[in-house]
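Asker: Contents of my_file_18.csv (CSV, C-alpha atoms) are below:
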```csv
chain,number,residue,atom,x,y,z
P,569,GLU,CA,0.0,0.0,0.0
P,570,GLU,CA,1.4,3.4,-1.0
P,571,ILE,CA,1.3,6.2,1.5
P,572,THR,CA,1.8,9.8,0.3
P,573,LYS,CA,3.2,12.3,2.7
P,574,GLU,CA,2.0,15.7,1.8
P,575,ARG,CA,4.4,17.6,4.0
P,576,PHE,CA,7.3,16.9,6.4
P,577,ASP,CA,7.8,18.6,9.8
P,578,ALA,CA,11.5,19.1,9.4
P,579,ALA,CA,14.3,18.8,6.9
P,580,ILE,CA,18.0,18.1,7.5
P,581,VAL,CA,20.3,20.2,5.3
P,582,ARG,CA,23.8,18.8,4.9
P,583,VAL,CA,26.2,20.6,2.6
P,584,MET,CA,28.2,18.0,0.7
P,585,HIS,CA,31.7,19.5,0.7
P,586,GLY,CA,33.8,17.2,-1.6
P,587,TRP,CA,31.1,17.2,-4.2
P,588,MET,CA,31.1,21.0,-4.0
P,589,THR,CA,34.1,23.3,-3.4
P,590,PRO,CA,33.9,25.8,-0.6
P,591,GLU,CA,33.8,28.6,-3.1
P,592,GLU,CA,30.6,27.0,-4.6
P,593,ILE,CA,28.9,26.9,-1.2
P,594,THR,CA,27.7,30.5,-1.1
P,595,LYS,CA,25.3,32.1,1.3
P,596,GLU,CA,22.8,32.4,-1.5
P,597,ARG,CA,22.9,28.6,-2.2
P,598,LEU,CA,22.6,27.9,1.5
P,599,LEU,CA,19.5,30.1,1.8
P,600,GLU,CA,18.0,28.5,-1.3
P,601,ALA,CA,18.5,25.0,0.1
P,602,ILE,CA,16.7,26.0,3.3
P,603,ARG,CA,13.8,27.6,1.5
P,604,MET,CA,13.5,24.7,-0.9
P,605,SER,CA,12.9,22.5,2.2
P,606,TYR,CA,9.6,24.3,2.5
P,607,GLU,CA,8.8,24.6,-1.2
P,608,LEU,CA,9.4,20.9,-2.0
P,609,PHE,CA,8.6,19.2,1.3
P,610,GLY,CA,6.5,21.6,3.3
P,611,ALA,CA,9.1,21.6,6.2
P,612,ARG,CA,8.7,24.5,8.5
P,613,VAL,CA,11.9,23.6,10.4
P,614,ALA,CA,15.3,23.1,8.8
P,615,VAL,CA,18.4,21.6,10.7
P,616,LEU,CA,21.5,22.9,9.1
P,617,MET,CA,24.7,20.9,9.7
P,618,THR,CA,28.2,22.3,9.8
P,619,ILE,CA,30.9,20.7,7.6
P,620,PRO,CA,33.4,18.4,9.4
P,621,PHE,CA,37.0,17.8,8.6
P,622,THR,CA,37.4,15.1,5.9
P,623,ASN,CA,39.9,13.8,3.5
P,624,SER,CA,38.6,16.4,1.0
P,625,VAL,CA,40.4,19.0,3.1
P,626,LYS,CA,43.9,18.6,1.6
P,627,THR,CA,45.6,21.8,2.6
P,628,MET,CA,45.3,24.6,5.2
P,629,TYR,CA,43.8,26.8,2.5
P,630,ASP,CA,41.0,24.2,2.1
P,631,TYR,CA,40.6,24.1,5.9
P,632,TYR,CA,40.1,27.8,6.2
P,633,ALA,CA,37.8,27.9,3.2
P,634,VAL,CA,35.6,25.4,4.9
P,635,GLN,CA,35.7,27.4,8.1
P,636,LEU,CA,34.4,30.4,6.3
P,637,VAL,CA,31.4,28.3,5.1
P,638,ASN,CA,30.8,27.0,8.6
P,639,ARG,CA,30.9,30.6,9.9
P,640,GLU,CA,28.1,31.4,7.4
P,641,ILE,CA,26.1,28.3,8.4
P,642,ARG,CA,26.3,29.3,12.0
P,643,ASN,CA,25.4,32.9,11.2
P,644,ILE,CA,22.3,31.8,9.2
P,645,ALA,CA,21.1,29.6,12.0
P,646,GLU,CA,21.7,32.3,14.6
P,647,THR,CA,20.0,35.1,12.8
P,648,TRP,CA,17.1,33.3,11.0
P,649,HIS,CA,14.5,34.3,13.5
P,650,GLU,CA,15.3,38.0,13.0
P,651,ALA,CA,15.2,37.5,9.2
P,652,PHE,CA,11.8,35.7,9.5
P,653,ARG,CA,10.3,38.6,11.5
P,654,ASP,CA,11.1,40.9,8.6
P,655,GLU,CA,9.4,38.8,5.9
P,656,SER,CA,6.0,37.2,5.6
P,657,GLU,CA,5.5,33.5,6.4
P,658,GLU,CA,4.4,33.0,2.8
P,659,LYS,CA,7.7,34.3,1.5
P,660,THR,CA,10.1,32.4,3.8
P,661,GLY,CA,8.2,29.2,4.6
P,662,VAL,CA,10.8,27.8,7.1
P,663,ARG,CA,10.0,29.1,10.6
P,664,HIS,CA,13.0,27.8,12.4
P,665,VAL,CA,16.6,27.0,11.3
P,666,LEU,CA,18.5,25.0,13.9
P,667,LEU,CA,22.2,24.3,14.0
P,668,LEU,CA,23.6,20.7,14.3
P,669,ASP,CA,27.3,21.3,15.0
P,670,PHE,CA,28.6,18.2,13.3
P,671,GLU,CA,32.0,19.7,12.8
P,672,MET,CA,32.5,20.1,16.5
P,673,TYR,CA,31.4,16.5,17.2
P,674,CYS,CA,33.9,15.2,14.6
P,675,ASN,CA,36.7,17.4,16.1
P,676,HIS,CA,36.0,16.1,19.6
P,677,VAL,CA,36.3,12.5,18.4
P,678,ILE,CA,39.3,13.1,16.2
P,679,TRP,CA,41.2,15.0,18.9
P,680,SER,CA,40.3,12.3,21.4
P,681,ASN,CA,41.7,9.6,19.1
P,682,ALA,CA,44.8,11.7,18.4
P,683,ILE,CA,45.6,11.8,22.1
P,684,HIS,CA,45.2,8.0,22.2
P,685,LEU,CA,47.7,7.8,19.3
P,686,GLY,CA,50.2,9.9,21.1
P,687,TYR,CA,49.8,13.2,19.2
P,688,ASN,CA,50.5,16.3,21.3
P,689,VAL,CA,47.1,18.0,21.1
P,690,SER,CA,44.6,19.5,23.5
P,691,GLU,CA,41.9,17.7,25.4
P,692,PRO,CA,38.8,18.4,23.2
P,693,MET,CA,36.5,19.3,26.1
P,694,LYS,CA,39.0,22.1,27.1
P,695,ALA,CA,39.6,23.3,23.5
P,696,SER,CA,38.1,26.3,21.9
P,697,GLU,CA,37.4,26.8,18.2
P,698,SER,CA,40.7,28.7,17.9
P,699,THR,CA,42.5,25.8,19.6
P,700,PHE,CA,41.3,23.4,16.9
P,701,ASP,CA,42.3,25.9,14.2
P,702,GLU,CA,45.8,26.2,15.7
P,703,GLU,CA,46.4,22.5,16.1
P,704,VAL,CA,44.9,21.0,13.0
P,705,GLU,CA,48.1,21.5,10.9
P,706,SER,CA,50.3,19.7,13.5
P,707,PHE,CA,48.7,16.2,12.9
P,708,LEU,CA,45.6,16.1,10.6
P,709,PHE,CA,47.7,16.2,7.5
P,710,ASP,CA,49.6,13.2,8.7
P,711,ARG,CA,47.9,10.7,6.3
P,712,LEU,CA,48.1,7.2,5.1
P,713,LYS,CA,50.3,6.8,2.0
P,714,THR,CA,47.6,5.1,-0.2
P,715,GLY,CA,48.7,6.6,-3.5
P,716,LYS,CA,45.2,7.9,-4.0
P,717,ASN,CA,44.0,11.4,-4.4
P,718,TYR,CA,42.2,11.6,-1.0
P,719,PRO,CA,44.1,9.6,1.6
P,720,PRO,CA,42.6,9.7,5.1
P,721,SER,CA,44.3,11.2,8.2
P,722,ILE,CA,45.8,8.6,10.4
P,723,ALA,CA,44.1,10.1,13.5
P,724,MET,CA,40.7,9.6,11.8
P,725,VAL,CA,41.0,5.9,10.8
P,726,CYS,CA,43.7,4.2,12.8
P,727,ASP,CA,43.8,2.7,16.3
P,728,SER,CA,47.6,3.1,16.6
P,729,ARG,CA,50.4,4.7,14.6
P,730,LYS,CA,51.7,1.3,13.6
P,731,LEU,CA,51.1,1.1,9.9
P,732,LEU,CA,51.4,-1.7,7.3
P,733,VAL,CA,52.1,-2.1,3.6
P,734,ARG,CA,54.5,0.9,3.3
P,735,ASP,CA,52.4,3.0,5.5
P,736,SER,CA,49.3,2.6,3.3
P,737,GLN,CA,47.2,0.8,5.9
P,738,CYS,CA,46.4,0.9,9.6
P,739,GLU,CA,47.4,-2.2,11.6
P,740,HIS,CA,44.0,-1.9,13.2
P,741,SER,CA,41.0,0.3,12.3
P,742,ASN,CA,39.6,2.5,15.0
P,743,MET,CA,36.0,1.9,13.7
P,744,LEU,CA,35.3,5.7,13.7
P,745,TRP,CA,35.8,6.6,10.0
P,746,LYS,CA,36.0,4.1,7.1
P,747,ASP,CA,38.0,6.2,4.8
P,748,GLY,CA,38.4,9.8,6.2
P,749,MET,CA,35.0,10.8,4.8
P,750,HIS,CA,32.3,8.2,5.8
P,751,ILE,CA,31.7,7.6,9.5
P,752,CYS,CA,31.3,4.1,10.9
P,753,PRO,CA,27.6,4.4,12.0
P,754,GLU,CA,27.8,1.6,14.6
P,755,THR,CA,30.1,3.7,16.7
P,756,MET,CA,29.4,7.3,15.6
P,757,SER,CA,25.7,7.6,14.8
P,758,SER,CA,24.2,7.4,18.3
P,759,ARG,CA,25.2,10.9,19.4
P,760,TYR,CA,24.2,12.2,16.0
P,761,GLY,CA,20.7,10.7,16.3
P,762,ALA,CA,20.4,11.9,19.9
P,763,ALA,CA,21.4,15.4,19.0
P,764,MET,CA,18.9,15.4,16.1
P,765,ALA,CA,16.0,14.2,18.4
P,766,CYS,CA,17.0,16.8,21.0
P,767,LEU,CA,17.0,19.6,18.5
P,768,LEU,CA,13.6,18.7,17.1
P,769,GLY,CA,12.3,18.4,20.6
P,770,CYS,CA,13.4,22.1,21.1
P,771,VAL,CA,10.7,23.0,18.7
P,772,PHE,CA,8.0,20.4,18.7
P,773,ASN,CA,7.7,18.8,22.2
P,774,GLY,CA,4.7,20.3,23.8
P,775,HIS,CA,4.8,23.4,21.5
P,776,VAL,CA,3.3,24.3,18.2
P,777,VAL,CA,5.9,25.7,15.8
P,778,GLU,CA,4.9,29.3,16.5
P,779,GLY,CA,4.4,28.9,20.2
P,780,ARG,CA,7.8,28.7,21.7
P,781,HIS,CA,9.9,31.8,22.3
P,782,ASP,CA,12.8,32.0,19.8
P,783,ASP,CA,15.4,32.7,22.6
P,784,ALA,CA,14.3,29.6,24.5
P,785,ILE,CA,14.7,27.5,21.3
P,786,LYS,CA,18.2,28.8,20.7
P,787,GLU,CA,19.2,28.0,24.3
P,788,CYS,CA,17.8,24.5,23.9
P,789,GLU,CA,19.8,24.2,20.7
P,790,ARG,CA,23.0,25.2,22.5
P,791,GLU,CA,22.3,22.6,25.2
P,792,CYS,CA,21.7,19.8,22.6
P,793,ASN,CA,24.9,20.5,20.8
P,794,GLU,CA,26.9,20.9,24.0
P,795,GLN,CA,25.7,17.5,25.3
P,796,PHE,CA,25.6,15.4,22.2
P,797,MET,CA,27.9,17.0,19.6
P,798,SER,CA,30.9,16.5,21.9
P,799,VAL,CA,32.6,13.7,23.9
P,800,MET,CA,31.0,15.0,27.1
P,801,PRO,CA,29.6,12.1,29.1
P,802,VAL,CA,25.9,12.1,28.8
P,803,ASN,CA,24.3,13.5,32.0
P,804,ASP,CA,22.0,11.0,33.7
P,805,SER,CA,19.2,13.6,33.6
P,806,TRP,CA,19.1,13.1,29.8
P,807,VAL,CA,18.5,9.3,30.0
P,808,ASP,CA,15.9,9.2,32.8
P,809,GLU,CA,13.0,6.9,32.0
P,810,ASP,CA,10.5,9.7,31.8
P,811,ILE,CA,12.6,12.2,29.8
P,812,THR,CA,11.2,13.5,26.5
P,813,LEU,CA,13.7,14.9,24.1
```
Could you render the structure from this file as structure tokens?
Answerer:
Amino acid sequence: EEITKERFDAAIVRVMHGWMTPEEITKERLLEAIRMSYELFGARVAVLMTIPFTNSVKTMYDYYAVQLVNREIRNIAETWHEAFRDESEEKTGVRHVLLLDFEMYCNHVIWSNAIHLGYNVSEPMKASESTFDEEVESFLFDRLKTGKNYPPSIAMVCDSRKLLVRDSQCEHSNMLWKDGMHICPETMSSRYGAAMACLLGCVFNGHVVEGRHDDAIKECERECNEQFMSVMPVNDSWVDEDITL
């Protein structure tokens, strides 16, 4: 039996860096993608994901180019409510744009594994955005010698710095990333799923879309990212039997 869904409550917008260069990911295209979430799917809420470090980031120029895009993504999510107030609902469609800080989550995991491998980097829970920027060049371009165009960083895919086959393979995979681009879902997706549920709960749980104060939603968004898009141990209050994300 076929079921037709006339509209969706929310859409997840992930920018595919690697398929697109940072220069092609403009503010205008980001805004178009958000608005098309409403035009095509009827979604009144869009969750916009930051771009993580991947093997498509081959140089520091690439890294800073991606950071500029992430800055724009964060700014759009931060200021969307103000923009919405200035335009009619019929024109914008999407009422809320929430931020899923996927870059920060991946940084926390990468830096944690880098410490395990013996790299001299900061504890991610104590690191700021500027700390990640300052330390990335010291280890993340240390890559497997695969002979391919997009070799993965050792800190992303290996469980130790002991390498095999002329430094082209890890002795043991860390089961975090398969290839420097694609995560291993069995180990990495639980916090992603929890963060997404948490963010949607900021808008929908017990509230109609228009009925929750914008500032309260942004504070809820911050708490969701802080708890789940990091390596922070999950507070027991989040997993109580009666909790509703």
Asker: Show which residues sit within 7 Å of range 750-763 of chain P, as a ChimeraX atom specification. Count only C-alpha atoms, and ignore same-chain residues fewer than 4 positions away.
Answerer: /P:743-746,767,792-793,796-797
Asker: Given the choices P:Val625, P:Val662, P:Val634, P:Met749, which gets closest to Phe609 in chain P if the distance is worked out from all atoms listed in the file?
Answerer: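 That would be P:Val662, the residue with the smallest distance to Phe609 in chain P.
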Asker: Excluding same-chain residues fewer than 2 positions from Arg734 in chain P, what lies within 9 Å of it counting only C-alpha atoms, as a list in words?
Answerer: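 In the requested format, the answer is Lys713, Thr714, Leu731, Leu732, Ser736 and Gln737 of chain P.
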Asker: Which residues are near Ala578 in chain P? Cut-off 12 Å, all atoms listed in the file, ignore same chain within fewer than 6 positions. Put them as a ChimeraX atom specification.
Answerer: /P:602-606,608-616,661-666,764-765,767-769,771-772,777
Asker: Kindly indicate which residue among P:Ala633, P:Asp577, P:Ser805, P:Lys626 lies nearest to Pro590 in chain P, using all atoms listed in the file for the distances.
Answerer: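 When distances to Pro590 in chain P are compared using all atoms listed in the file, the smallest one comes from P:Ala633.
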Asker: Taking all atoms listed in the file into account, name the residue in P:Cys738, P:Val799, P:Leu708, P:Cys788 that is nearest to Thr627 in chain P.
Answerer: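 Looking only at the distances to Thr627 in chain P, the closest residue turns out to be P:Leu708.
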Asker: Ranking P:Gln795, P:Thr594, P:Asn623, P:Thr589 by minimum distance to Asn717 in chain P and counting all atoms listed in the file, which one comes first?
Answerer: P:Asn623
Asker: In Å, how far is it from CA of His585 in chain P to CA of Glu739 in chain P?
Answerer: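 Those two atoms sit 28.9 Å apart.
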Asker: What does the distance from CA of Ser721 in chain P to CA of Gly748 in chain P come to in Å, to one decimal?
Answerer: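 Here the two named atoms are 6.4 Å from each other.
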Asker: By how many Å are CA of Val689 in chain P and CA of Arg729 in chain P apart?
Answerer: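 A separation of 15.2 Å between them.
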Asker: Just the residues within 9 Å of Trp679 in chain P, please, counting all atoms listed in the file, with nothing from its chain fewer than 5 positions along; format it as a list in words.
Answerer: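 Once the nearby chain positions are removed, what remains is Cys674, His684, Tyr687, Val689, Ser690, Glu691, Pro692, Phe700, Ala723 and Met724 of chain P.
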Asker: Please determine, counting all atoms listed in the file, which residue among P:Glu702, P:Leu598, P:Ile593, P:Cys766 has the shortest atom-to-atom distance to Arg790 in chain P.
Answerer: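 That would be P:Cys766, the residue with the smallest distance to Arg790 in chain P.
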Asker: Return the single residue from P:Gln635, P:Glu640, P:Ala695, P:Ala579 that is closest to Arg597 in chain P, with distances computed using only C-alpha atoms.
Answerer: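 Looking only at the distances to Arg597 in chain P, the closest residue turns out to be P:Glu640.
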